[in-house]
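Trainee: Encoded as structure tokens, here's the structure I'll be asking about.
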Amino acid sequence: MACKNCNTLAQKRQLSSTGEVTRFLRRLRTFVEDGRIVEFPSFTDLADVEDDASWPDVIECSFGCPDCGQEFSFKANSHKSKPPQWLPTKTTHHRR
């Protein structure tokens with residue numbers, strides 16, 4: 001169950017347009033900058049994903065909530081038919 005800190009990110013989302021992906025990536029950057037979520041070492045660093053939609057073919061970023069331990073991933077692959085998606089993945093039960 002998500003905490004007050006990460007509740008707005010707790011639902012699985014599929015992103016259907018380039019504009020929606022761009023807005024969501026900006027939102028993720030803001031949450032990382034604000035400390036609401038932390039980025040984990042991943043296949044792709046969020047900082048390497050530009051806002052101009054010239055994205056790498058594969059994007060896989062991982063994040064976690066520093067308050068409740070909920071983990072999330074953002075995945076996009078231009079070679080697969082699945083739309084880009086945001087997924088709550090697991091809870092580690094670690095607290096600050």
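Every chain in the structure tokens takes a letter, A first, then B, and so on in the order presented; its residues are numbered from 1, and the ligands are numbered from 1 following the presented order.
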Hey, what does DSSP flag as alpha helix (DSSP H) within region 14-87 of chain A? Can you give it to me as a PDB file with N, CA and C atoms, in the first residue's frame?

Mentor:
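Resulting contents of states07.pdb:
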```
ATOM      1  N   THR A  18       3.210  10.401 -27.266  1.00  0.00           N
ATOM      2  CA  THR A  18       4.511  11.012 -26.999  1.00  0.00           C
ATOM      3  C   THR A  18       4.363  12.146 -25.991  1.00  0.00           C
ATOM      4  N   GLY A  19       3.328  12.938 -26.139  1.00  0.00           N
ATOM      5  CA  GLY A  19       3.091  14.043 -25.204  1.00  0.00           C
ATOM      6  C   GLY A  19       2.849  13.558 -23.792  1.00  0.00           C
ATOM      7  N   GLU A  20       2.108  12.479 -23.657  1.00  0.00           N
ATOM      8  CA  GLU A  20       1.834  11.916 -22.332  1.00  0.00           C
ATOM      9  C   GLU A  20       3.120  11.395 -21.694  1.00  0.00           C
ATOM     10  N   VAL A  21       3.962  10.751 -22.478  1.00  0.00           N
ATOM     11  CA  VAL A  21       5.251  10.257 -21.962  1.00  0.00           C
ATOM     12  C   VAL A  21       6.120  11.431 -21.527  1.00  0.00           C
ATOM     13  N   THR A  22       6.193  12.462 -22.356  1.00  0.00           N
ATOM     14  CA  THR A  22       7.003  13.640 -22.020  1.00  0.00           C
ATOM     15  C   THR A  22       6.532  14.280 -20.724  1.00  0.00           C
ATOM     16  N   ARG A  23       5.224  14.458 -20.568  1.00  0.00           N
ATOM     17  CA  ARG A  23       4.683  15.048 -19.328  1.00  0.00           C
ATOM     18  C   ARG A  23       4.977  14.165 -18.120  1.00  0.00           C
ATOM     19  N   PHE A  24       4.845  12.848 -18.290  1.00  0.00           N
ATOM     20  CA  PHE A  24       5.094  11.942 -17.183  1.00  0.00           C
ATOM     21  C   PHE A  24       6.573  11.957 -16.781  1.00  0.00           C
ATOM     22  N   LEU A  25       7.479  11.990 -17.749  1.00  0.00           N
ATOM     23  CA  LEU A  25       8.910  12.042 -17.444  1.00  0.00           C
ATOM     24  C   LEU A  25       9.267  13.336 -16.712  1.00  0.00           C
ATOM     25  N   ARG A  26       8.665  14.437 -17.102  1.00  0.00           N
ATOM     26  CA  ARG A  26       8.886  15.709 -16.391  1.00  0.00           C
ATOM     27  C   ARG A  26       8.404  15.603 -14.950  1.00  0.00           C
ATOM     28  N   ARG A  27       7.256  14.977 -14.760  1.00  0.00           N
ATOM     29  CA  ARG A  27       6.707  14.790 -13.416  1.00  0.00           C
ATOM     30  C   ARG A  27       7.650  13.927 -12.570  1.00  0.00           C
ATOM     31  N   LEU A  28       8.183  12.857 -13.170  1.00  0.00           N
ATOM     32  CA  LEU A  28       9.131  12.012 -12.441  1.00  0.00           C
ATOM     33  C   LEU A  28      10.368  12.800 -12.031  1.00  0.00           C
ATOM     34  N   ARG A  29      10.880  13.614 -12.946  1.00  0.00           N
ATOM     35  CA  ARG A  29      12.062  14.428 -12.611  1.00  0.00           C
ATOM     36  C   ARG A  29      11.776  15.343 -11.430  1.00  0.00           C
ATOM     37  N   THR A  30      10.596  15.949 -11.421  1.00  0.00           N
ATOM     38  CA  THR A  30      10.206  16.830 -10.316  1.00  0.00           C
ATOM     39  C   THR A  30      10.143  16.047  -9.007  1.00  0.00           C
ATOM     40  N   PHE A  31       9.564  14.858  -9.036  1.00  0.00           N
ATOM     41  CA  PHE A  31       9.475  14.040  -7.821  1.00  0.00           C
ATOM     42  C   PHE A  31      10.859  13.637  -7.318  1.00  0.00           C
ATOM     43  N   VAL A  32      11.781  13.345  -8.228  1.00  0.00           N
ATOM     44  CA  VAL A  32      13.155  13.009  -7.822  1.00  0.00           C
ATOM     45  C   VAL A  32      13.831  14.239  -7.229  1.00  0.00           C
ATOM     46  N   GLU A  33      13.698  15.378  -7.898  1.00  0.00           N
ATOM     47  CA  GLU A  33      14.301  16.624  -7.400  1.00  0.00           C
ATOM     48  C   GLU A  33      13.762  17.010  -6.032  1.00  0.00           C
ATOM     49  N   ASP A  34      12.467  16.790  -5.807  1.00  0.00           N
ATOM     50  CA  ASP A  34      11.828  17.115  -4.525  1.00  0.00           C
ATOM     51  C   ASP A  34      12.119  16.088  -3.435  1.00  0.00           C
TER      52      ASP A  34
END
```

Trainee: Apply DSSP to the backbone of this structure and, from chain A, keep only the residues in strand (DSSP E or B); write these as a ChimeraX atom specification.

Mentor: /A:13-14,38-40,58-64,70-77,85-91

Trainee: Choose the residue, out of A:Leu15, A:Cys6, A:Cys65, A:Ala76, that has the smallest atom-to-atom separation from Thr44 (chain A); count only C-alpha atoms.

Mentor: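 Checking each candidate against Thr44 (chain A), we get A:Ala76 as the closest.
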
Trainee: Neighbouring residues of Gly64 (chain A) were defined as those with any atom within 12 Å, considering only C-alpha atoms; residues of the same chain fewer than 3 positions away were excluded. Please report them as a PyMOL selection string.

Mentor: chain A and resi 2-3+5-6+9-10+28+31-32+35-42+61+67-74+87-96

Trainee: State, in Å with one decimal place, the distance from CA of Pro83 (chain A) to CA of Pro66 (chain A).

Mentor: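 About the pair CA of Pro83 (chain A) and CA of Pro66 (chain A): they are 27.7 Å apart.
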
Trainee: Determine, counting only C-alpha atoms, which protein, DNA and RNA residues have an atom within 9 Å of an atom of Ser78 (chain A); residues of the same chain fewer than 6 positions away are not included. Present the result as a count of residues only.

Mentor: 5
